[in-house]
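S.K.: Have a look at this one before I ask anything.
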Amino acid sequence: FGNQMGNLLKVLTCTELEQGPNFFLDFENAQPTDCERDVWNQVNAVLQDSESILSGLQAYKGAGQEIREAIQNPNDMILQERAWNSVCPLVIRLKKLYSFSLRLERALQSLLESLTCPPYTPTQHLEKEQALAKQFAEILHFTLRFDELKMRIPAIQNDFSYYRRTISRNRINNMNLDIEREVNNEMANRMSLFYAEATPMLKTLSTATTNFVTENKTLPLENTTDVLSTMASVCKVMLETPDYTCRFNSEDTLLFCMRVMVGVIILYDHVHPNGAFNKSSKIDMKGCIKVLKEQPADNVEGLLNALKFTTKHLHDESTPKNIRSMLQ
């Protein structure tokens, strides 16, 4: 087994600090081995669409103007129809984004199955299955980017609630209701819940991870959370070790590594009952925050905000004061 991993498995230093072994996760070149291929193909089919999902979200312009005019002139049927005709295609687009979150959820659960199954430890899994580890990282990277974009588009919720109000009043008699075949009431309810979240994709991932843990009764919670904490350690060590960072071919890999580290911390904080910040946590939070703060401010402002505002346990009594003050 060892040889075919070749240059993939570069376990560089095994100073068994409290953080466990350090190894280089080849985020740039990891290729699936035969054992990984089935899951890799399944997840890859989902990840292939992630860039177009992000550009679709980025291009979202909203129908604010048309909606305002319709609300201000309730008796002007032309304006009512114009608003309705502007909102319908947007709702179809929002459904597409929401449907992608369901595919991502299934992909994440397949990866978790592969990366947690006995008899290997999380560290052995991440070393042996670098291509799957990389896909897991790509899902987290996508998630943070999606949620960063979504936070900047208040139009999404305005458009969607206008759509729901209009459907329920059904005031425009010759209104084209074909859309209800695309987005029935149950789908609209689920979409509402999804877009009401400040960070909907992250919520999707943390729910999926929690469900994975509860559905796999025989698998200890630690198997899952250790994959997350190990990944956070690996990213942190890679970021703070010049010997590693100098191997990255591009600046983007550095940013990728930071996003992934923050993503796994947030996920760990939502999934582990005690969270990521307290003393018993297996993530060296002080080290992780320090690594981020050493980067150019523009690169990390969004990530530090994500740690401040999208984690669950930062403000618990059990969070050490020095960690809280680092994130002030």
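Please note that chains go A, B, ... in the order of the structure tokens, that every chain numbers its residues from 1, and that ligands are numbered from 1 in the order shown.
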Run DSSP on the backbone and give me the residues of segment 208-270 of chain A it puts in helix (DSSP H, G or I), as JSON, numbers by chain.
M.R.: {"A": [208, 209, 210, 211, 212, 213, 214, 215, 221, 222, 223, 224, 225, 226, 227, 228, 229, 230, 231, 232, 233, 234, 235, 236, 237, 238, 239, 240, 242, 243, 244, 245, 251, 252, 253, 254, 255, 256, 257, 258, 259, 260, 261, 262, 263, 264, 265, 266, 267, 268, 269, 270]}
S.K.: Write a file of the selected residues as a compact mmCIF listing (two decimals), in the first residue's frame, keeping N, CA and C atoms.
M.R.:
# COMPACT_ATOMS: atom_id res chain seq x y z
N ALA A 208 -25.71 18.19 8.60
CA ALA A 208 -25.38 16.91 7.96
C ALA A 208 -24.38 16.13 8.80
N THR A 209 -23.41 16.84 9.37
CA THR A 209 -22.39 16.16 10.17
C THR A 209 -23.00 15.63 11.46
N THR A 210 -23.84 16.45 12.09
CA THR A 210 -24.51 16.01 13.32
C THR A 210 -25.40 14.80 13.03
N ASN A 211 -26.13 14.85 11.92
CA ASN A 211 -26.97 13.70 11.55
C ASN A 211 -26.14 12.46 11.30
N PHE A 212 -25.00 12.66 10.67
CA PHE A 212 -24.11 11.53 10.40
C PHE A 212 -23.72 10.86 11.71
N VAL A 213 -23.40 11.70 12.71
CA VAL A 213 -22.98 11.16 14.01
C VAL A 213 -24.14 10.42 14.68
N THR A 214 -25.35 11.00 14.63
CA THR A 214 -26.46 10.35 15.34
C THR A 214 -26.93 9.09 14.61
N GLU A 215 -26.82 9.08 13.27
CA GLU A 215 -27.27 7.90 12.53
C GLU A 215 -26.30 6.73 12.68
N LEU A 221 -18.51 9.48 18.43
CA LEU A 221 -18.50 10.88 17.98
C LEU A 221 -17.07 11.33 17.68
N GLU A 222 -16.13 10.87 18.53
CA GLU A 222 -14.73 11.30 18.37
C GLU A 222 -14.18 10.97 16.98
N ASN A 223 -14.62 9.84 16.41
CA ASN A 223 -14.10 9.50 15.07
C ASN A 223 -14.37 10.64 14.10
N THR A 224 -15.55 11.24 14.24
CA THR A 224 -15.91 12.33 13.33
C THR A 224 -15.21 13.62 13.73
N THR A 225 -15.30 13.99 15.01
CA THR A 225 -14.71 15.27 15.40
C THR A 225 -13.19 15.24 15.29
N ASP A 226 -12.59 14.05 15.44
CA ASP A 226 -11.13 13.97 15.30
C ASP A 226 -10.68 14.22 13.86
N VAL A 227 -11.52 13.83 12.90
CA VAL A 227 -11.17 14.15 11.51
C VAL A 227 -11.10 15.67 11.37
N LEU A 228 -12.05 16.36 12.00
CA LEU A 228 -12.09 17.83 11.89
C LEU A 228 -10.90 18.44 12.61
N SER A 229 -10.64 17.99 13.84
CA SER A 229 -9.55 18.62 14.60
C SER A 229 -8.19 18.30 13.96
N THR A 230 -8.06 17.07 13.42
CA THR A 230 -6.79 16.72 12.76
C THR A 230 -6.57 17.62 11.54
N MET A 231 -7.66 17.83 10.81
CA MET A 231 -7.55 18.66 9.63
C MET A 231 -7.19 20.09 10.00
N ALA A 232 -7.77 20.59 11.10
CA ALA A 232 -7.43 21.95 11.54
C ALA A 232 -5.95 22.01 11.90
N SER A 233 -5.45 20.98 12.60
CA SER A 233 -4.03 20.96 12.98
C SER A 233 -3.13 20.94 11.76
N VAL A 234 -3.50 20.09 10.80
CA VAL A 234 -2.67 19.98 9.60
C VAL A 234 -2.60 21.33 8.89
N CYS A 235 -3.75 21.98 8.75
CA CYS A 235 -3.76 23.30 8.08
C CYS A 235 -2.92 24.30 8.85
N LYS A 236 -3.08 24.29 10.18
CA LYS A 236 -2.34 25.26 11.00
C LYS A 236 -0.84 25.03 10.85
N VAL A 237 -0.42 23.76 10.95
CA VAL A 237 1.01 23.45 10.84
C VAL A 237 1.53 23.84 9.45
N MET A 238 0.74 23.55 8.42
CA MET A 238 1.17 23.91 7.07
C MET A 238 1.33 25.43 6.94
N LEU A 239 0.40 26.17 7.57
CA LEU A 239 0.44 27.63 7.43
C LEU A 239 1.59 28.25 8.21
N GLU A 240 1.96 27.62 9.34
CA GLU A 240 2.99 28.28 10.17
C GLU A 240 4.38 27.73 9.89
N PRO A 242 7.27 27.50 7.21
CA PRO A 242 7.74 27.98 5.90
C PRO A 242 8.14 26.84 4.97
N ASP A 243 8.68 25.74 5.52
CA ASP A 243 9.05 24.60 4.65
C ASP A 243 7.85 24.07 3.88
N TYR A 244 6.67 24.21 4.47
CA TYR A 244 5.47 23.73 3.79
C TYR A 244 4.93 24.79 2.85
N THR A 245 4.78 26.02 3.38
CA THR A 245 4.15 27.05 2.55
C THR A 245 4.97 27.32 1.30
N GLU A 251 -0.41 31.47 -4.35
CA GLU A 251 -0.94 32.22 -3.22
C GLU A 251 -2.33 31.69 -2.85
N ASP A 252 -3.08 31.25 -3.87
CA ASP A 252 -4.44 30.77 -3.62
C ASP A 252 -4.45 29.59 -2.66
N THR A 253 -3.41 28.75 -2.72
CA THR A 253 -3.39 27.58 -1.85
C THR A 253 -3.31 28.01 -0.39
N LEU A 254 -2.59 29.11 -0.15
CA LEU A 254 -2.49 29.64 1.20
C LEU A 254 -3.87 30.07 1.70
N LEU A 255 -4.59 30.81 0.85
CA LEU A 255 -5.93 31.26 1.22
C LEU A 255 -6.86 30.07 1.41
N PHE A 256 -6.72 29.09 0.52
CA PHE A 256 -7.53 27.88 0.60
C PHE A 256 -7.31 27.22 1.96
N CYS A 257 -6.04 27.09 2.32
CA CYS A 257 -5.67 26.44 3.57
C CYS A 257 -6.27 27.17 4.78
N MET A 258 -6.25 28.50 4.74
CA MET A 258 -6.82 29.28 5.85
C MET A 258 -8.33 29.10 5.93
N ARG A 259 -8.98 29.15 4.75
CA ARG A 259 -10.43 28.97 4.75
C ARG A 259 -10.83 27.61 5.28
N VAL A 260 -10.07 26.60 4.87
CA VAL A 260 -10.39 25.23 5.29
C VAL A 260 -10.20 25.11 6.81
N MET A 261 -9.13 25.68 7.31
CA MET A 261 -8.88 25.62 8.76
C MET A 261 -10.05 26.24 9.52
N VAL A 262 -10.47 27.41 9.06
CA VAL A 262 -11.58 28.09 9.74
C VAL A 262 -12.87 27.27 9.58
N GLY A 263 -13.08 26.73 8.38
CA GLY A 263 -14.28 25.92 8.15
C GLY A 263 -14.36 24.72 9.08
N VAL A 264 -13.25 23.98 9.24
CA VAL A 264 -13.32 22.80 10.12
C VAL A 264 -13.47 23.20 11.58
N ILE A 265 -12.89 24.35 11.95
CA ILE A 265 -13.08 24.81 13.34
C ILE A 265 -14.55 25.08 13.60
N ILE A 266 -15.19 25.80 12.67
CA ILE A 266 -16.60 26.16 12.88
C ILE A 266 -17.46 24.89 12.91
N LEU A 267 -17.15 23.98 12.01
CA LEU A 267 -17.91 22.73 11.96
C LEU A 267 -17.73 21.97 13.28
N TYR A 268 -16.49 21.86 13.74
CA TYR A 268 -16.20 21.18 15.00
C TYR A 268 -16.98 21.84 16.14
N ASP A 269 -16.99 23.16 16.13
CA ASP A 269 -17.65 23.89 17.21
C ASP A 269 -19.16 23.60 17.24
N HIS A 270 -19.74 23.35 16.06
CA HIS A 270 -21.18 23.07 16.01
C HIS A 270 -21.47 21.60 16.34
S.K.: Need the shell around Gly302 of chain A: protein/DNA/RNA residues with any atom at most 12 Å away, counting only C-alpha atoms. Skip same-chain ones fewer than 4 positions apart. Format as a ChimeraX atom specification?
M.R.: /A:144-145,147-149,151-152,255,258-259,262-263,292-293,296-298,306-310
S.K.: Keeping only C-alpha atoms, take the residues you just selected and write them out as a PDB file, in the first residue's frame.
M.R.:
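Result written to selection.pdb:
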ATOM      1  CA  LEU A 144     -17.376  29.723   3.333  1.00  0.00           C
ATOM      2  CA  ARG A 145     -17.333  31.467  -0.033  1.00  0.00           C
ATOM      3  CA  ASP A 147     -21.992  32.177   2.822  1.00  0.00           C
ATOM      4  CA  GLU A 148     -19.709  35.216   2.496  1.00  0.00           C
ATOM      5  CA  LEU A 149     -21.507  36.107  -0.754  1.00  0.00           C
ATOM      6  CA  MET A 151     -24.433  37.656   3.585  1.00  0.00           C
ATOM      7  CA  ARG A 152     -23.939  40.549   1.175  1.00  0.00           C
ATOM      8  CA  LEU A 255      -5.934  31.264   1.218  1.00  0.00           C
ATOM      9  CA  MET A 258      -6.817  29.285   5.850  1.00  0.00           C
ATOM     10  CA  ARG A 259     -10.429  28.972   4.747  1.00  0.00           C
ATOM     11  CA  VAL A 262     -11.580  28.087   9.736  1.00  0.00           C
ATOM     12  CA  GLY A 263     -14.278  25.922   8.152  1.00  0.00           C
ATOM     13  CA  LEU A 292      -4.540  33.945  10.882  1.00  0.00           C
ATOM     14  CA  LYS A 293      -3.476  37.176  12.545  1.00  0.00           C
ATOM     15  CA  PRO A 296      -2.332  40.319   5.619  1.00  0.00           C
ATOM     16  CA  ALA A 297      -5.495  41.782   7.176  1.00  0.00           C
ATOM     17  CA  ASP A 298      -7.430  41.814   3.891  1.00  0.00           C
ATOM     18  CA  ALA A 306     -16.641  33.935  10.595  1.00  0.00           C
ATOM     19  CA  LEU A 307     -15.003  32.669  13.801  1.00  0.00           C
ATOM     20  CA  LYS A 308     -16.607  35.515  15.757  1.00  0.00           C
ATOM     21  CA  PHE A 309     -20.101  35.350  14.362  1.00  0.00           C
ATOM     22  CA  THR A 310     -20.786  31.847  13.064  1.00  0.00           C
TER      23      THR A 310
END
S.K.: May I ask which of the residues A:Asp159, A:Lys150, A:Val291, A:Asp316 is the closest one to Gln58 of chain A, counting only C-alpha atoms?
M.R.: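 Under the stated criterion, the closest residue is A:Lys150.
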S.K.: Run DSSP on the backbone and tell me which residues of segment 13-251 of chain A come out as strand (DSSP E); list them as a count of residues only.
M.R.: 10
S.K.: Report as CSV the residues of segment 59-108 of chain A within 10 Å of segment 112-125 of chain A, each with its shortest atom pair and distance in Å (one decimal), using only C-alpha atoms, ordered by chain and increasing residue number.
M.R.:
residue,atom,partner,partner_atom,distance
A:Arg106,CA,A:Leu112,CA,9.9
A:Ala107,CA,A:Leu112,CA,8.7
A:Leu108,CA,A:Leu112,CA,6.2
S.K.: Which value, in Å to one decimal, gives the distance between atom CA of Asn44 of chain A and atom CA of Lys95 of chain A?
M.R.: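 So the answer is 21.4 Å.
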S.K.: Rank nothing, just name the residue among A:Asn216, A:Asn41, A:Thr199, A:Asn158 nearest to Val87 of chain A, using only C-alpha atoms.
M.R.: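 Of A:Asn216, A:Asn41, A:Thr199, A:Asn158, the one nearest Val87 of chain A is A:Asn158, counting only C-alpha atoms.
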S.K.: Neighbouring residues of Ile156 of chain A were defined as those with any atom within 10 Å, considering only C-alpha atoms; residues of the same chain fewer than 5 positions away were excluded. Please report them as a list in words.
M.R.: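 So, after excluding close chain neighbours, the residues are Leu57, Tyr60, Lys61, Gly62, Ala63, Gly64, Leu90, Val91, Leu94, Lys150, Met151, Ser161, Tyr195 and Ala196 of chain A.
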S.K.: Atom CA of Val39 of chain A to atom CA of Leu54 of chain A: how many Å, to one decimal?
M.R.: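 So the answer is 23.3 Å.
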S.K.: Excluding Ile67 of chain A and residues on its chain fewer than 5 positions from it, collect all residues at most 12 Å away from it, counting only C-alpha atoms, and give them as an NGL selection string.
M.R.: :A and (62 or 72-74 or 79-88 or 155 or 158-163 or 165-166)
S.K.: Show which residues sit within 12 Å of Glu197 of chain A, as a list of chain:residue names. Count only C-alpha atoms, and ignore same-chain residues fewer than 3 positions away.
M.R.: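 Contacts, with the query itself left out: A:Asp147, A:Lys150, A:Met151, A:Pro154, A:Ile156, A:Gln157, A:Arg190, A:Met191, A:Ser192, A:Leu193, A:Phe194, A:Pro200, A:Met201, A:Leu202, A:Lys203, A:Thr204, A:Thr310.
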S.K.: Please dump the current selection as a CSV table (one decimal), in the first residue's frame; keep all heavy atoms.
M.R.:
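For reference, selection28.csv as written:
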chain,number,residue,atom,x,y,z
A,147,ASP,N,-21.4,31.4,1.7
A,147,ASP,CA,-22.0,32.2,2.8
A,147,ASP,C,-21.5,33.6,2.9
A,147,ASP,O,-22.3,34.5,3.2
A,147,ASP,CB,-21.8,31.5,4.2
A,147,ASP,CG,-22.6,30.2,4.3
A,147,ASP,OD1,-23.5,30.0,3.4
A,147,ASP,OD2,-22.3,29.4,5.2
A,150,LYS,N,-23.5,35.3,0.2
A,150,LYS,CA,-25.0,35.4,0.6
A,150,LYS,C,-25.2,36.5,1.6
A,150,LYS,O,-26.2,37.2,1.6
A,150,LYS,CB,-25.4,34.0,1.1
A,150,LYS,CG,-26.9,33.9,1.3
A,150,LYS,CD,-27.3,34.2,2.8
A,150,LYS,CE,-28.8,34.2,3.0
A,150,LYS,NZ,-29.1,34.6,4.4
A,151,MET,N,-24.3,36.6,2.6
A,151,MET,CA,-24.4,37.7,3.6
A,151,MET,C,-24.5,39.1,3.0
A,151,MET,O,-25.1,40.0,3.6
A,151,MET,CB,-23.2,37.6,4.5
A,151,MET,CG,-23.3,36.6,5.6
A,151,MET,SD,-21.8,36.7,6.6
A,151,MET,CE,-22.1,35.5,7.8
A,154,PRO,N,-28.9,41.0,0.7
A,154,PRO,CA,-30.2,41.0,1.4
A,154,PRO,C,-31.3,40.9,0.5
A,154,PRO,O,-32.4,40.4,0.9
A,154,PRO,CB,-30.2,42.4,2.1
A,154,PRO,CG,-29.2,43.2,1.4
A,154,PRO,CD,-28.1,42.3,0.9
A,156,ILE,N,-32.0,38.6,-1.5
A,156,ILE,CA,-32.5,37.3,-1.6
A,156,ILE,C,-33.8,37.1,-0.7
A,156,ILE,O,-34.8,36.6,-1.2
A,156,ILE,CB,-31.4,36.2,-1.2
A,156,ILE,CG1,-30.4,36.2,-2.3
A,156,ILE,CG2,-32.1,34.9,-1.0
A,156,ILE,CD1,-29.2,35.3,-2.0
A,157,GLN,N,-33.7,37.5,0.5
A,157,GLN,CA,-34.8,37.3,1.4
A,157,GLN,C,-36.0,38.2,1.1
A,157,GLN,O,-37.1,37.8,1.2
A,157,GLN,CB,-34.4,37.4,2.9
A,157,GLN,CG,-33.8,36.1,3.4
A,157,GLN,CD,-33.2,36.3,4.7
A,157,GLN,OE1,-32.0,36.8,4.8
A,157,GLN,NE2,-33.9,35.9,5.7
A,190,ARG,N,-39.1,25.0,2.8
A,190,ARG,CA,-37.7,24.5,3.1
A,190,ARG,C,-36.7,25.6,2.6
A,190,ARG,O,-35.7,25.9,3.3
A,190,ARG,CB,-37.4,23.2,2.4
A,190,ARG,CG,-38.2,22.1,3.0
A,190,ARG,CD,-37.5,20.7,2.9
A,190,ARG,NE,-37.2,20.4,1.5
A,190,ARG,CZ,-37.9,19.6,0.7
A,190,ARG,NH1,-39.0,19.0,1.2
A,190,ARG,NH2,-37.6,19.4,-0.6
A,191,MET,N,-37.0,26.2,1.5
A,191,MET,CA,-36.1,27.3,1.0
A,191,MET,C,-36.1,28.5,1.9
A,191,MET,O,-35.1,29.1,2.2
A,191,MET,CB,-36.6,27.7,-0.4
A,191,MET,CG,-36.2,26.7,-1.5
A,191,MET,SD,-37.0,27.1,-3.1
A,191,MET,CE,-36.3,28.7,-3.6
A,192,SER,N,-37.3,28.8,2.5
A,192,SER,CA,-37.4,29.9,3.4
A,192,SER,C,-36.5,29.7,4.6
A,192,SER,O,-35.8,30.6,5.0
A,192,SER,CB,-38.8,30.0,4.0
A,192,SER,OG,-39.6,30.9,3.1
A,193,LEU,N,-36.5,28.5,5.2
A,193,LEU,CA,-35.7,28.2,6.3
A,193,LEU,C,-34.2,28.3,5.9
A,193,LEU,O,-33.4,28.8,6.7
A,193,LEU,CB,-36.0,26.8,6.8
A,193,LEU,CG,-37.3,26.6,7.5
A,193,LEU,CD1,-37.6,25.1,7.8
A,193,LEU,CD2,-37.4,27.4,8.8
A,194,PHE,N,-33.9,27.8,4.8
A,194,PHE,CA,-32.5,27.8,4.3
A,194,PHE,C,-32.0,29.2,4.2
A,194,PHE,O,-30.9,29.6,4.7
A,194,PHE,CB,-32.4,27.1,3.0
A,194,PHE,CG,-31.0,27.1,2.3
A,194,PHE,CD1,-30.0,26.2,2.8
A,194,PHE,CD2,-30.7,27.9,1.3
A,194,PHE,CE1,-28.8,26.2,2.2
A,194,PHE,CE2,-29.4,27.9,0.7
A,194,PHE,CZ,-28.5,27.0,1.2
A,200,PRO,N,-26.3,29.9,5.5
A,200,PRO,CA,-27.1,28.7,5.2
A,200,PRO,C,-26.2,27.4,4.8
A,200,PRO,O,-26.6,26.3,5.2
A,200,PRO,CB,-27.9,29.1,4.0
A,200,PRO,CG,-27.3,30.4,3.5
A,200,PRO,CD,-26.6,31.0,4.6
A,201,MET,N,-25.2,27.6,4.0
A,201,MET,CA,-24.4,26.4,3.6
A,201,MET,C,-23.7,25.7,4.9
A,201,MET,O,-23.6,24.5,5.0
A,201,MET,CB,-23.3,26.7,2.6
A,201,MET,CG,-23.9,26.8,1.2
A,201,MET,SD,-24.5,25.2,0.5
A,201,MET,CE,-25.3,25.9,-1.0
A,202,LEU,N,-23.2,26.6,5.7
A,202,LEU,CA,-22.5,26.1,6.9
A,202,LEU,C,-23.5,25.3,7.8
A,202,LEU,O,-23.2,24.3,8.3
A,202,LEU,CB,-21.9,27.3,7.7
A,202,LEU,CG,-21.0,26.8,8.8
A,202,LEU,CD1,-19.7,26.3,8.2
A,202,LEU,CD2,-20.7,28.0,9.7
A,203,LYS,N,-24.7,25.9,7.9
A,203,LYS,CA,-25.8,25.3,8.7
A,203,LYS,C,-26.1,23.9,8.1
A,203,LYS,O,-26.2,22.9,8.8
A,203,LYS,CB,-27.0,26.2,8.7
A,203,LYS,CG,-28.2,25.6,9.4
A,203,LYS,CD,-28.0,25.6,10.9
A,203,LYS,CE,-29.3,25.3,11.6
A,203,LYS,NZ,-29.2,24.4,12.6
A,204,THR,N,-26.1,23.8,6.7
A,204,THR,CA,-26.4,22.6,6.0
A,204,THR,C,-25.3,21.5,6.4
A,204,THR,O,-25.6,20.4,6.7
A,204,THR,CB,-26.3,22.8,4.5
A,204,THR,OG1,-27.4,23.7,4.2
A,204,THR,CG2,-26.6,21.5,3.8
A,310,THR,N,-20.1,33.0,13.5
A,310,THR,CA,-20.8,31.8,13.1
A,310,THR,C,-20.4,30.6,13.9
A,310,THR,O,-20.9,29.5,13.6
A,310,THR,CB,-20.5,31.5,11.6
A,310,THR,OG1,-19.2,31.3,11.4
A,310,THR,CG2,-20.9,32.7,10.7
S.K.: Find the distance between atom CA of Pro32 of chain A and atom CA of Glu105 of chain A and write it in Å to one decimal.
M.R.: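 Those two atoms sit 20.8 Å apart.
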S.K.: Point out the residue among A:Ala133, A:Gly275, A:Arg103, A:Tyr98 with the least atom-to-atom distance to Ala188 of chain A, counting only C-alpha atoms.
M.R.: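 Selected residue with least distance to Ala188 of chain A: A:Tyr98.
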S.K.: For each of A:Glu66, A:Asp76, A:Glu182, A:Asp38, take the minimum atom-to-atom distance to Ser99 of chain A, counting only C-alpha atoms, then give the residue where this is smallest.
M.R.: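 Using only C-alpha atoms, Ser99 of chain A sits closest to A:Glu182.
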S.K.: Could you list, as a PyMOL selection string, every residue within 9 Å of Pro320 of chain A, counting only C-alpha atoms and ignoring same-chain residues fewer than 5 positions away?
M.R.: chain A and resi 277-279+325
